[in-house]
Structures are given as structure tokens and as C-alpha cells.
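Source file: model_36.tsv. Holds: TSV, C-alpha atoms and all ligand atoms.
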chain	number	residue	atom	x	y	z
A	1	MET	CA	103.47	101.28	115.67
A	2	LYS	CA	103.30	97.61	116.52
A	3	VAL	CA	100.98	95.20	114.77
A	4	THR	CA	99.77	92.41	117.01
A	5	GLU	CA	96.79	90.93	115.23
A	6	ALA	CA	95.88	90.75	111.55
A	7	ILE	CA	92.88	88.81	110.37
A	8	PHE	CA	91.21	88.30	107.03
A	9	LEU	CA	87.64	89.57	107.15
A	10	GLN	CA	85.99	89.27	103.75
A	11	SER	CA	86.26	89.55	99.98
A	12	ASN	CA	83.88	91.61	97.90
A	13	THR	CA	83.22	92.74	94.38
A	14	GLU	CA	81.17	95.75	95.47
A	15	TYR	CA	82.23	98.50	97.82
A	16	GLU	CA	78.69	98.66	99.25
A	17	LYS	CA	79.15	95.21	100.72
A	18	CYS	CA	82.49	95.96	102.36
A	19	PRO	CA	82.71	96.14	106.18
A	20	LYS	CA	81.05	99.10	107.89
A	21	PRO	CA	83.25	102.14	107.18
A	22	ASP	CA	83.76	102.94	110.83
A	23	LYS	CA	87.52	102.43	111.01
A	24	PRO	CA	90.45	104.00	109.15
A	25	GLU	CA	91.26	102.15	105.96
A	26	TYR	CA	94.29	101.87	103.65
A	27	ALA	CA	94.26	100.27	100.22
A	28	PHE	CA	97.06	98.84	98.09
A	29	ILE	CA	96.86	99.20	94.35
A	30	GLY	CA	99.19	99.03	91.36
A	31	ARG	CA	99.97	96.92	88.35
A	32	SER	CA	99.46	93.23	88.56
A	33	ASN	CA	102.43	91.48	90.18
A	34	VAL	CA	103.95	94.68	91.56
A	35	GLY	CA	103.87	93.20	95.08
A	36	LYS	CA	100.69	94.51	96.74
A	37	SER	CA	99.75	91.34	98.58
A	38	SER	CA	103.37	90.68	99.58
A	39	LEU	CA	103.71	94.17	101.04
A	40	ILE	CA	100.56	93.73	103.10
A	41	ASN	CA	101.99	90.51	104.54
A	42	THR	CA	105.27	92.25	105.29
A	43	ILE	CA	103.57	95.18	107.00
A	44	VAL	CA	101.62	92.91	109.33
A	45	GLN	CA	104.46	90.34	109.47
A	46	LYS	CA	102.14	87.48	108.64
A	47	LYS	CA	103.21	85.36	105.70
A	48	GLY	CA	100.35	83.98	103.63
A	49	LEU	CA	97.71	86.34	105.01
A	50	ALA	CA	97.15	87.97	101.62
A	51	LYS	CA	97.52	85.46	98.80
A	52	THR	CA	100.56	86.07	96.59
A	53	SER	CA	101.74	84.49	93.35
A	54	GLN	CA	104.52	84.65	90.81
A	55	THR	CA	101.81	84.77	88.16
A	56	PRO	CA	100.08	88.13	87.65
A	57	GLY	CA	96.34	88.39	88.28
A	58	LYS	CA	96.29	86.58	91.61
A	59	THR	CA	94.17	89.01	93.63
A	60	GLN	CA	90.75	89.36	92.04
A	61	LEU	CA	88.55	90.83	94.76
A	62	ILE	CA	88.45	93.66	97.30
A	63	ASN	CA	89.97	91.93	100.33
A	64	HIS	CA	89.60	93.40	103.80
A	65	PHE	CA	91.99	92.65	106.64
A	66	LEU	CA	91.28	93.89	110.16
A	67	ILE	CA	94.37	94.98	112.06
A	68	ASP	CA	94.37	95.05	115.85
A	69	GLN	CA	90.57	95.49	115.77
A	70	LYS	CA	91.24	99.14	114.88
A	71	TRP	CA	91.98	99.65	111.19
A	72	TYR	CA	91.66	98.00	107.81
A	73	LEU	CA	94.17	97.07	105.15
A	74	VAL	CA	92.71	96.37	101.73
A	75	ASP	CA	94.31	94.24	99.05
A	76	LEU	CA	93.01	95.07	95.57
A	77	PRO	CA	93.37	93.37	92.20
A	78	GLY	CA	96.13	94.77	90.02
A	79	TYR	CA	95.51	96.74	86.87
A	80	GLY	CA	97.14	96.39	83.48
A	81	TYR	CA	97.08	92.61	83.37
A	82	ALA	CA	97.33	91.78	79.67
A	83	LYS	CA	96.09	88.23	79.66
A	84	ILE	CA	92.42	88.85	80.35
A	85	SER	CA	89.60	89.88	78.04
A	86	LYS	CA	88.61	93.50	77.57
A	87	THR	CA	85.28	92.84	79.29
A	88	GLU	CA	87.01	91.23	82.26
A	89	ARG	CA	89.47	94.11	82.50
A	90	GLU	CA	86.70	96.71	82.40
A	91	LYS	CA	84.89	94.82	85.16
A	92	PHE	CA	88.01	94.94	87.40
A	93	GLU	CA	88.63	98.59	86.61
A	94	SER	CA	85.12	99.67	87.49
A	95	MET	CA	85.21	97.57	90.67
A	96	ILE	CA	88.45	99.26	91.74
A	97	HIS	CA	87.33	102.76	90.82
A	98	ASN	CA	83.93	102.45	92.45
A	99	TYR	CA	85.66	101.31	95.60
A	100	LEU	CA	88.32	104.06	95.57
A	101	SER	CA	85.86	106.86	94.75
A	102	ASN	CA	83.18	105.89	97.22
A	103	ARG	CA	84.83	104.34	100.23
A	104	GLU	CA	84.40	107.10	102.78
A	105	ASN	CA	86.85	105.78	105.42
A	106	LEU	CA	89.70	105.31	102.94
A	107	LEU	CA	92.40	107.58	104.35
A	108	CYS	CA	95.22	106.77	101.96
A	109	THR	CA	95.70	104.65	98.87
A	110	PHE	CA	99.19	103.25	98.41
A	111	VAL	CA	99.99	103.16	94.71
A	112	LEU	CA	102.76	100.63	94.14
A	113	VAL	CA	105.22	100.82	91.28
A	114	ASP	CA	108.10	98.46	90.58
A	115	ILE	CA	111.36	100.34	91.26
A	116	ARG	CA	113.08	98.48	88.41
A	117	HIS	CA	110.91	99.93	85.67
A	118	GLU	CA	110.78	103.30	83.97
A	119	PRO	CA	107.63	105.31	84.65
A	120	GLN	CA	104.74	103.54	82.91
A	121	LYS	CA	101.89	105.32	81.15
A	122	ILE	CA	99.28	103.20	82.90
A	123	ASP	CA	100.58	104.22	86.36
A	124	MET	CA	100.75	107.88	85.43
A	125	GLU	CA	97.18	107.75	84.14
A	126	PHE	CA	96.11	106.02	87.31
A	127	ILE	CA	97.62	108.58	89.67
A	128	ASN	CA	96.39	111.45	87.49
A	129	ARG	CA	92.88	110.11	87.83
A	130	LEU	CA	93.27	109.85	91.61
A	131	GLY	CA	94.40	113.47	91.60
A	132	GLU	CA	91.42	114.57	89.50
A	133	GLU	CA	89.05	112.81	91.88
A	134	GLY	CA	90.81	114.14	94.98
A	135	ILE	CA	91.61	110.67	96.32
A	136	PRO	CA	94.58	110.85	98.72
A	137	PHE	CA	97.48	108.59	97.80
A	138	CYS	CA	101.15	107.87	98.35
A	139	LEU	CA	103.60	106.15	96.04
A	140	VAL	CA	105.49	103.02	97.03
A	141	PHE	CA	108.48	101.86	95.01
A	142	THR	CA	108.54	98.10	95.46
A	143	LYS	CA	111.15	95.34	95.15
A	144	ALA	CA	114.03	97.60	96.19
A	145	ASP	CA	116.03	94.49	97.13
A	146	LYS	CA	116.40	93.75	93.43
A	147	LEU	CA	118.52	96.85	92.75
A	148	SER	CA	121.57	98.50	94.24
A	149	LYS	CA	121.03	101.58	96.39
A	150	THR	CA	122.48	103.74	93.58
A	151	ALA	CA	120.07	102.29	91.03
A	152	VAL	CA	117.14	102.74	93.43
A	153	ASP	CA	118.01	106.42	93.94
A	154	ARG	CA	118.47	106.96	90.22
A	155	ASN	CA	115.13	105.37	89.36
A	156	VAL	CA	113.30	107.32	92.05
A	157	GLU	CA	114.82	110.51	90.62
A	158	ILE	CA	113.66	109.57	87.10
A	159	TYR	CA	110.20	108.82	88.43
A	160	GLN	CA	110.06	112.07	90.30
A	161	GLN	CA	110.90	114.04	87.17
A	162	LYS	CA	108.12	112.29	85.29
A	163	VAL	CA	105.57	112.95	88.02
A	164	LEU	CA	106.58	116.63	88.15
A	165	GLU	CA	105.61	116.98	84.48
A	166	THR	CA	101.98	116.84	85.62
A	167	TRP	CA	102.09	117.42	89.37
A	168	GLU	CA	103.20	120.52	91.24
A	169	GLU	CA	105.01	118.43	93.79
A	170	MET	CA	106.01	114.85	94.31
A	171	PRO	CA	103.47	113.01	96.46
A	172	GLN	CA	104.78	111.38	99.64
A	173	PHE	CA	106.63	108.21	98.67
A	174	PHE	CA	108.20	105.13	100.22
A	175	ILE	CA	110.86	102.71	99.06
A	176	SER	CA	109.96	99.16	100.01
A	177	SER	CA	111.03	95.57	99.93
A	178	SER	CA	108.88	92.71	101.09
A	179	VAL	CA	112.03	90.61	101.26
A	180	SER	CA	114.09	92.83	103.57
A	181	GLY	CA	111.25	94.76	105.21
A	182	THR	CA	112.60	98.11	103.98
A	183	GLY	CA	109.88	100.76	104.17
A	184	ARG	CA	107.69	98.85	106.60
A	185	GLU	CA	108.31	101.11	109.60
A	186	GLU	CA	107.83	104.27	107.56
A	187	ILE	CA	104.52	103.08	106.11
A	188	LEU	CA	103.30	102.07	109.57
A	189	GLN	CA	104.33	105.47	110.89
A	190	LEU	CA	102.13	107.21	108.32
A	191	ILE	CA	99.24	104.85	109.10
A	192	SER	CA	99.65	105.52	112.81
A	193	THR	CA	99.53	109.28	112.25
A	194	LEU	CA	96.46	109.04	110.03
A	195	ASN	CA	94.75	106.65	112.46
A	196	SER	CA	95.10	109.18	115.25
A	197	GLU	CA	93.40	111.84	113.11
A	198	PHE	CA	90.42	109.65	112.17
B	201	LIG	P1	98.38	90.55	91.78
B	201	LIG	O1	97.53	90.20	92.96
B	201	LIG	O2	98.48	89.44	90.83
B	201	LIG	O3	98.00	91.84	91.15
B	201	LIG	O4	99.90	90.74	92.30
B	201	LIG	P2	100.47	91.51	93.57
B	201	LIG	O5	100.73	92.93	93.22
B	201	LIG	O6	99.63	91.26	94.78
B	201	LIG	O7	101.91	90.81	93.74
B	201	LIG	P3	102.34	89.66	94.77
B	201	LIG	O8	102.45	90.21	96.15
B	201	LIG	O9	101.49	88.47	94.56
B	201	LIG	O10	103.85	89.41	94.28
B	201	LIG	C1	104.14	89.07	92.95
B	201	LIG	C2	105.50	88.42	92.88
B	201	LIG	O11	106.52	89.35	93.22
B	201	LIG	C3	105.67	87.26	93.86
B	201	LIG	O12	106.45	86.25	93.23
B	201	LIG	C4	106.42	87.88	95.03
B	201	LIG	O13	107.20	86.95	95.76
B	201	LIG	C5	107.30	88.88	94.32
B	201	LIG	N1	107.60	90.04	95.19
B	201	LIG	C6	106.70	90.86	95.79
B	201	LIG	N2	107.31	91.81	96.50
B	201	LIG	C7	108.63	91.60	96.37
B	201	LIG	C8	109.80	92.28	96.88
B	201	LIG	O14	109.76	93.27	97.61
B	201	LIG	N3	111.01	91.77	96.50
B	201	LIG	C9	111.13	90.69	95.68
B	201	LIG	N4	112.35	90.27	95.37
B	201	LIG	N5	110.06	90.03	95.19
B	201	LIG	C10	108.82	90.49	95.52
B	202	MG	MG	97.79	90.41	94.94
Would you put the structure from the file into C-alpha cells?
Ligand code: GTP
Ligand code: MG
Amino acid sequence: MKVTEAIFLQSNTEYEKCPKPDKPEYAFIGRSNVGKSSLINTIVQKKGLAKTSQTPGKTQLINHFLIDQKWYLVDLPGYGYAKISKTEREKFESMIHNYLSNRENLLCTFVLVDIRHEPQKIDMEFINRLGEEGIPFCLVFTKADKLSKTAVDRNVEIYQQKVLETWEEMPQFFISSSVSGTGREEILQLISTLNSEF
């Protein structure tokens, strides 16, 4: 699928104020700094559309982007950012969870994990909660350009084993790099398929 137009629509703290849920929607979530905003920019091939930063905690709101007037991409704040107060963190978490649990047009949530790291408790808890709530998701292993192909495969295998401790099967997953564009086509292919079923 080709992407021709990508525009920023609005930022919200409450899912009720988000754009009318009349188009298919896809959200990007994961630990702070994992590369959510970068991946969105890579998917739509528009640098600087979603704001990125080397410092964690950049994205702080529910950001809607309208793609080709037909579907939405949503950039969410990361979780697990250590340098904020407990109150602040709880506020972000409830914002994210209210959005994910209630957004009726959300067809798939892309949960991003950094391919370089071992499976993290916080990510496992996050995907387990999505499972409990029946929220459809895929996994995306980010920053693949930072490892050799062998190391990528090894880490995916380790991750898979961890996931299979609690899940009957491995959810659909993608290997991505916002630097090389790896994974872009595959993610767009899934979006295209889901769009046609909406
Ligand atoms: P928050 O909004 O703070 O939660 O972060 P985020 O998940 O949106 O991450 P962001 O896209 O801002 O990227 C964080 C840092 O990682 C930036 O310095 C990016 O340039 C870098 N980065 C993101 N994706 C990739 C990637 O695929 N490869 C490499 N090498 N660096 C990446
Ligand atoms: Mg971000």
C-alpha cells in the first residue's frame, strides 16, 4: 500500500475527545524511547511528522495522524519512564489504558520492543493486560539496524520463548528499523488488509 498524504490532526488527553471513530485506527505503544514516533514517520515517509527525541518521555499526548483521508495512526506516550513522579506516571498509564480499552475503531495496537534488550517485565505485563482485555495487538522489534542479522534472530527467538510461557502462540510480529525502513512494507500490508475489512 502506498501512503500519499499524512497530516497531524490533534493531540488529546482523553479518548472521548479524539476524532470521530469512523475510520480504521492503529496505535503505537511501548517503552519510552523505543522508537514509536520514529516508526510512524518511517511508515508514512515523512520526517518530523511525529516528534522524536533522544531523551525519553517526548510524546506526552494521544496524537492522531490522518493518512490519505482514510485511516488513523496514533502516537502514544511511552510507558516505564523512570524520571517522572508516581502521580504523573499513573496519569499517563490511565490515559493510555482508557484509550486502548475504549477506542472502538482501534483495529490493531503495535507494541514496540527494542530488539537489543532481553524481554522486560514491564512489556510482558503490558501485553498480558492487552490479552486479558481482548485488545488486538502485534509486536514490533525495533532498532534492528543496531544488531547483526544473527543477533536479531537470536533475540527474537529468546523473546518468543518468553512470550510462550504465558501465551499459547506467538502473536504476529515484525522486525523494524526506522533507519533502514525494514518492516515498513510488512506493517503497511497488515494495515491494508485490516483497512479492507473495516
Ligand atoms: P517517547 O515518545 O519518548 O516515548 O519515545 P519514542 O518511543 O517515540 O521514541 P523516538 O521515536 O522519539 O526515538 C527515540 C530515539 O531512538 C531517537 O533518538 C531515535 O532517533 C532513535 N531511534 C528510533 N528508532 C530507531 C531505529 O530504528 N534505529 C535507530 N538506530 N535509532 C532509532
Ligand atoms: Mg514518541
Q) What lies within 10 Å of region 45-50 of chain A using all atoms listed in the file, ignoring chain neighbours under 3 positions off, as a list in words? A) Val3, Thr4, Glu5, Ala6, Ile7, Phe8, Lys36, Ser37, Ser38, Leu39, Ile40, Asn41, Thr42, Thr59, Asn63, His64, Phe65, Val74, Asp75, Ser178, Gly181 and Arg184 of chain A
Using all atoms listed in the file, which residues have at least one atom no more than 9 Å from ligand MG 202 (chain B)? Output them as a PDB file with C-alpha atoms, in the frame of the given file.
ATOM      1  CA  ILE A  29      96.860  99.200  94.350  1.00  0.00           C
ATOM      2  CA  SER A  32      99.460  93.230  88.560  1.00  0.00           C
ATOM      3  CA  ASN A  33     102.430  91.480  90.180  1.00  0.00           C
ATOM      4  CA  VAL A  34     103.950  94.680  91.560  1.00  0.00           C
ATOM      5  CA  GLY A  35     103.870  93.200  95.080  1.00  0.00           C
ATOM      6  CA  LYS A  36     100.690  94.510  96.740  1.00  0.00           C
ATOM      7  CA  SER A  37      99.750  91.340  98.580  1.00  0.00           C
ATOM      8  CA  SER A  38     103.370  90.680  99.580  1.00  0.00           C
ATOM      9  CA  ALA A  50      97.150  87.970 101.620  1.00  0.00           C
ATOM     10  CA  LYS A  51      97.520  85.460  98.800  1.00  0.00           C
ATOM     11  CA  THR A  52     100.560  86.070  96.590  1.00  0.00           C
ATOM     12  CA  SER A  53     101.740  84.490  93.350  1.00  0.00           C
ATOM     13  CA  PRO A  56     100.080  88.130  87.650  1.00  0.00           C
ATOM     14  CA  GLY A  57      96.340  88.390  88.280  1.00  0.00           C
ATOM     15  CA  LYS A  58      96.290  86.580  91.610  1.00  0.00           C
ATOM     16  CA  THR A  59      94.170  89.010  93.630  1.00  0.00           C
ATOM     17  CA  GLN A  60      90.750  89.360  92.040  1.00  0.00           C
ATOM     18  CA  ASP A  75      94.310  94.240  99.050  1.00  0.00           C
ATOM     19  CA  LEU A  76      93.010  95.070  95.570  1.00  0.00           C
ATOM     20  CA  PRO A  77      93.370  93.370  92.200  1.00  0.00           C
ATOM     21  CA  GLY A  78      96.130  94.770  90.020  1.00  0.00           C
TER      22      GLY A  78
END
Q | Residue with smallest distance to Thr109 (chain A) - pool A:Gln172, A:Ser180, A:Gln10, A:Gln189, counting all atoms listed in the file | A |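 The shortest atom-to-atom distance to Thr109 (chain A) comes from A:Gln172.
Checking A:Leu139, A:Ile191, A:Val152, A:Leu61 one by one against ligand LIG 201 (chain B), counting all atoms listed in the file, you find the shortest gap at A:Leu61.
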Mind working out the centre and edge lengths of an axis-aligned box for ligand LIG 201 (chain B), all listed atoms inside, 5 Å added to each side, rounded to one decimal in Å and written as JSON?
{"center_x": 104.9, "center_y": 89.8, "center_z": 94.2, "size_x": 24.8, "size_y": 17.0, "size_z": 16.8}
